[in-house]
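The file protein09.txt contains compact mmCIF, C-alpha atoms:
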# COMPACT_ATOMS: atom_id res chain seq x y z
CA MET Z 17 0.00 0.00 0.00
CA SER Z 18 1.21 3.47 -0.86
CA ASP Z 19 2.70 5.50 1.95
CA ARG Z 20 0.96 8.68 0.76
CA VAL Z 21 -2.79 9.25 1.23
CA PRO Z 22 -4.26 11.20 -1.70
CA MET Z 23 -6.98 13.70 -0.79
CA THR Z 24 -8.40 17.08 -1.67
CA GLN Z 25 -7.74 20.16 0.42
CA ASP Z 26 -11.39 20.05 1.55
CA ALA Z 27 -11.04 16.47 2.79
CA TYR Z 28 -7.81 17.40 4.60
CA ASN Z 29 -9.59 20.28 6.32
CA ARG Z 30 -12.54 18.05 7.32
CA ILE Z 31 -10.26 15.38 8.81
CA LYS Z 32 -8.25 18.03 10.66
CA ALA Z 33 -11.46 19.51 12.11
CA GLU Z 34 -12.58 16.02 13.15
CA VAL Z 35 -9.28 15.44 15.00
CA GLU Z 36 -9.67 18.76 16.81
CA GLU Z 37 -13.25 17.85 17.80
CA LEU Z 38 -12.17 14.43 19.06
CA GLU Z 39 -9.23 15.81 21.03
CA ASN Z 40 -10.84 18.94 22.44
CA VAL Z 41 -14.45 17.85 23.01
CA GLU Z 42 -14.86 14.08 23.03
CA MET Z 43 -11.66 13.12 24.90
CA PRO Z 44 -12.31 15.54 27.80
CA LYS Z 45 -15.84 14.13 28.15
CA ILE Z 46 -14.48 10.60 28.49
CA THR Z 47 -11.75 11.76 30.89
CA GLU Z 48 -14.44 13.35 33.06
CA LYS Z 49 -16.51 10.16 33.04
CA ILE Z 50 -13.44 8.15 34.07
CA ALA Z 51 -12.84 10.51 36.98
CA GLU Z 52 -16.48 10.17 38.08
CA ALA Z 53 -16.32 6.38 37.88
CA ARG Z 54 -13.00 6.33 39.76
CA ALA Z 55 -14.59 8.35 42.57
CA GLU Z 56 -17.14 5.56 43.10
CA GLY Z 57 -14.52 3.38 44.75
CA ASP Z 58 -13.18 -0.13 44.03
CA LEU Z 59 -11.89 -0.14 40.46
CA LYS Z 60 -11.71 -3.94 40.15
CA GLU Z 61 -15.47 -4.34 39.98
CA ASN Z 62 -16.35 -0.94 38.55
CA ALA Z 63 -17.89 -1.69 35.13
CA GLU Z 64 -18.42 1.99 34.28
CA TYR Z 65 -14.73 2.75 34.88
CA HIS Z 66 -13.59 -0.12 32.66
CA ALA Z 67 -16.09 0.78 29.94
CA GLN Z 68 -14.90 4.40 29.86
CA ARG Z 69 -11.24 3.32 29.79
CA GLU Z 70 -12.07 1.13 26.78
CA ASN Z 71 -13.88 4.05 25.12
CA GLN Z 72 -10.86 6.23 25.78
CA GLY Z 73 -8.56 3.70 24.12
CA MET Z 74 -10.79 3.37 21.05
CA LEU Z 75 -11.08 7.15 20.72
CA GLN Z 76 -7.31 7.56 21.00
CA ALA Z 77 -6.82 4.90 18.30
CA ARG Z 78 -9.21 6.82 16.03
CA ILE Z 79 -7.36 10.08 16.70
CA ASN Z 80 -4.04 8.39 15.93
CA GLU Z 81 -5.40 6.95 12.66
CA LYS Z 82 -6.72 10.35 11.53
CA LYS Z 83 -3.45 12.09 12.47
CA SER Z 84 -1.55 9.45 10.50
CA GLN Z 85 -3.73 10.17 7.46
CA LEU Z 86 -3.03 13.88 7.80
CA GLY Z 87 0.69 13.26 8.19
CA ARG Z 88 0.78 11.17 5.02
CA ALA Z 89 -1.61 13.41 3.06
CA LEU Z 90 -0.87 14.13 -0.56
CA ILE Z 91 -3.05 17.12 -1.45
CA ILE Z 92 -4.16 16.84 -5.07
CA ASP Z 93 -5.45 19.79 -7.08
CA ILE Z 94 -7.94 18.22 -9.51
CA SER Z 95 -7.58 21.16 -11.90
CA LYS Z 96 -3.98 20.09 -12.57
CA VAL Z 97 -4.43 16.35 -13.30
CA ASP Z 98 -4.09 14.83 -16.79
CA LYS Z 99 -7.67 14.78 -18.06
CA SER Z 100 -6.93 12.57 -21.09
CA GLN Z 101 -6.91 9.50 -18.85
CA ILE Z 102 -8.45 8.32 -15.60
CA SER Z 103 -6.85 10.22 -12.74
CA PHE Z 104 -7.77 11.32 -9.23
CA GLY Z 105 -11.13 13.13 -9.31
CA ALA Z 106 -12.40 11.53 -12.52
CA THR Z 107 -15.95 10.33 -12.87
CA VAL Z 108 -15.79 7.23 -15.03
CA THR Z 109 -18.52 5.31 -16.78
CA VAL Z 110 -17.48 1.69 -17.21
CA LYS Z 111 -19.19 -1.26 -18.84
CA ASP Z 112 -19.04 -4.53 -16.90
CA LEU Z 113 -18.13 -6.96 -19.67
CA ASP Z 114 -19.53 -9.98 -17.79
CA PHE Z 115 -22.97 -8.50 -17.07
CA ASP Z 116 -23.16 -6.00 -19.95
CA ASP Z 117 -24.28 -3.14 -17.71
CA GLU Z 118 -22.77 0.26 -17.00
CA GLU Z 119 -21.67 1.79 -13.72
CA ASP Z 120 -20.32 5.19 -12.74
CA PHE Z 121 -17.42 5.62 -10.32
CA THR Z 122 -15.83 8.81 -9.08
CA LEU Z 123 -12.25 8.31 -7.90
CA VAL Z 124 -11.76 10.24 -4.69
CA GLY Z 125 -9.30 10.36 -1.85
CA GLU Z 126 -9.42 9.70 1.85
CA GLY Z 127 -12.35 11.38 3.55
CA ASP Z 128 -14.46 11.81 0.41
CA GLU Z 129 -15.52 8.20 -0.19
CA ASP Z 130 -19.24 7.41 -0.31
CA TYR Z 131 -19.80 3.96 -1.74
CA ASP Z 132 -23.59 4.39 -1.95
CA SER Z 133 -23.15 7.24 -4.43
CA GLY Z 134 -20.30 5.62 -6.39
CA LYS Z 135 -17.46 7.63 -4.84
CA ILE Z 136 -14.65 5.13 -4.35
CA LYS Z 137 -11.12 5.64 -3.10
CA CYS Z 138 -8.54 5.85 -5.85
CA THR Z 139 -6.44 3.52 -3.67
CA SER Z 140 -9.15 0.79 -3.68
CA PRO Z 141 -8.63 -2.24 -5.95
CA ILE Z 142 -11.15 -0.91 -8.50
CA GLY Z 143 -9.65 2.58 -8.31
CA GLN Z 144 -6.14 1.24 -8.80
CA GLY Z 145 -7.31 -0.90 -11.71
CA LEU Z 146 -8.86 2.10 -13.47
CA LEU Z 147 -6.14 4.72 -12.91
CA GLY Z 148 -4.27 5.63 -16.07
CA LEU Z 149 -6.73 4.05 -18.51
CA LYS Z 150 -8.30 5.87 -21.46
CA VAL Z 151 -11.68 5.53 -23.16
CA GLY Z 152 -11.99 2.13 -24.85
CA GLU Z 153 -9.38 0.40 -22.69
CA VAL Z 154 -10.27 -2.59 -20.51
CA ALA Z 155 -9.38 -2.99 -16.84
CA GLU Z 156 -8.98 -6.48 -15.40
CA ILE Z 157 -9.35 -6.29 -11.64
CA ALA Z 158 -8.76 -9.24 -9.33
CA ALA Z 159 -11.65 -9.79 -6.93
CA PRO Z 160 -12.54 -12.59 -4.49
CA LYS Z 161 -15.17 -13.92 -6.92
CA GLY Z 162 -12.76 -13.80 -9.88
CA THR Z 163 -11.51 -11.21 -12.33
CA ILE Z 164 -13.81 -8.27 -13.07
CA LYS Z 165 -13.48 -6.75 -16.53
CA PHE Z 166 -14.51 -3.14 -17.07
CA GLU Z 167 -14.35 -1.31 -20.39
CA VAL Z 168 -13.94 2.46 -20.00
CA VAL Z 169 -16.89 4.15 -21.74
CA SER Z 170 -16.31 7.78 -20.70
CA ILE Z 171 -14.15 9.94 -18.48
CA ARG Z 172 -15.28 13.31 -17.18
CA TYR Z 173 -14.09 15.80 -14.59
CA GLU Z 174 -16.79 17.77 -12.81
So that I can check it, write out the structure of this file as structure tokens.
Amino acid sequence: MSDRVPMTQDAYNRIKAEVEELENVEMPKITEKIAEARAEGDLKENAEYHAQRENQGMLQARINEKKSQLGRALIIDISKVDKSQISFGATVTVKDLDFDDEEDFTLVGEGDEDYDSGKIKCTSPIGQGLLGLKVGEVAEIAAPKGTIKFEVVSIRYE
């Protein structure tokens, strides 16, 4: 997996704001709940204390993951990508050669993915299989159920 995490400036700003919210609002709430639970006495049998410590650990892991993404961010300006082929930010119409139907995918970066609306990470297997292709070319993408073959029908940048 690539060390860099491609994303737009907007996605970077959203992730940064999320980290600030988690660190400055959510973490103090959990710390306060831990202090309240600790004040109740015996920590060995204090379920609330142990639950809040677990919540604190999960929240810290999430903060660390988001900070790692920000630290490895590769900010991409979509206006400067090569529009003659599939690149970051492209909306691609592909034809599934096995089922003879068409699908649209928009290749996005970290923080912008929305699989229900066809926004997939450019680092996903499908995204990686499509990057660099031009209209008329065929992508063969390995999947658990076998190889998926997509023919590129159109490429557009919105």
Counting only C-alpha atoms, figure out which residue out of Z:Lys83, Z:Ala67, Z:Lys165, Z:Tyr131 gets nearest to Asp116 (chain Z).
->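 Smallest separation from Asp116 (chain Z) among the options: Z:Lys165.
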Find the residue from Z:Leu149, Z:Ile46, Z:Val97, Z:Ala55 that sits nearest to Glu70 (chain Z); use all atoms listed in the file when measuring.
->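 Checking each of Z:Leu149, Z:Ile46, Z:Val97, Z:Ala55 against Glu70 (chain Z), counting all atoms listed in the file, the winner is Z:Ile46.
Among Z:Ser103, Z:Asn80, Z:Thr109, Z:Asn29, the residue with the shortest atom-to-atom distance to Gly143 (chain Z), counting all atoms listed in the file, is Z:Ser103.
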Neighbour list for Val35 (chain Z) as JSON, numbers by chain, cut-off 10 Å, all atoms listed in the file, skip fewer than 6 positions in-chain = {"Z": [29, 41, 42, 78, 79, 80, 81, 82, 83, 86]}
Please identify all polymer residues within 8 Å of region 71-77 of chain Z, counting only C-alpha atoms, omitting same-chain residues fewer than 5 positions from it, and present them as a ChimeraX atom specification.
-> /Z:38,43,46-47
Can those selected residues be exported to a file as a short mmCIF file (atom, residue, chain, number, x, y, z; two decimals), in the frame of the given file so that it contains C-alpha atoms?
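Final output, saved to part.cif:
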data_model
loop_
_atom_site.label_atom_id
_atom_site.label_comp_id
_atom_site.auth_asym_id
_atom_site.auth_seq_id
_atom_site.Cartn_x
_atom_site.Cartn_y
_atom_site.Cartn_z
CA LEU Z 38 -12.17 14.43 19.06
CA MET Z 43 -11.66 13.12 24.90
CA ILE Z 46 -14.48 10.60 28.49
CA THR Z 47 -11.75 11.76 30.89
#
Figure out the distance between CA of Leu90 (chain Z) and CA of Lys32 (chain Z), please, to one decimal in Å.
->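 Between CA of Lys32 (chain Z) and CA of Leu90 (chain Z) the gap works out to 14.0 Å.
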Interatomic distance (Å, one decimal) between CA of Ile157 (chain Z) and CA of Glu129 (chain Z) =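 Going from CA of Ile157 (chain Z) over to CA of Glu129 (chain Z) covers 19.5 Å.
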Just give me the gap between CA of Thr107 (chain Z) and CA of Gln85 (chain Z) in Å, one decimal is fine.
-> 23.7 Å
Best match for closeness to Asp112 (chain Z) among Z:Val124, Z:Gly134, Z:Ile91, Z:Glu167, counting only C-alpha atoms = Z:Glu167
Which is closest to Ile92 (chain Z) among Z:Gly105, Z:Gly152, Z:Pro141, Z:Pro160, if we use all atoms listed in the file?
->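 The closest residue to Ile92 (chain Z) is Z:Gly105.
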Fewer than 3 positions away in the same chain doesn't count, so skip those; otherwise give me all residues within 12 Å of Ser95 (chain Z), counting all atoms listed in the file, as JSON, numbers by chain.
-> {"Z": [24, 92, 98, 99, 103, 104, 105, 106, 173, 174]}
Nearest to Leu146 (chain Z) by atom-to-atom distance, counting only C-alpha atoms, from Z:Leu113, Z:Leu123, Z:Leu59, Z:Met23 |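 Smallest distance to Leu146 (chain Z) is found for Z:Leu123.
Taking all atoms listed in the file into account, those protein, DNA and RNA residues with any atom at most 12 Å away from (-21.7, 4.2, -8.7) amount to Thr107, Val108, Thr109, Val110, Lys111, Asp117, Glu118, Glu119, Asp120, Phe121, Thr122, Leu123, Glu129, Asp130, Tyr131, Asp132, Ser133, Gly134, Lys135, Ile136 and Ile142 of chain Z.
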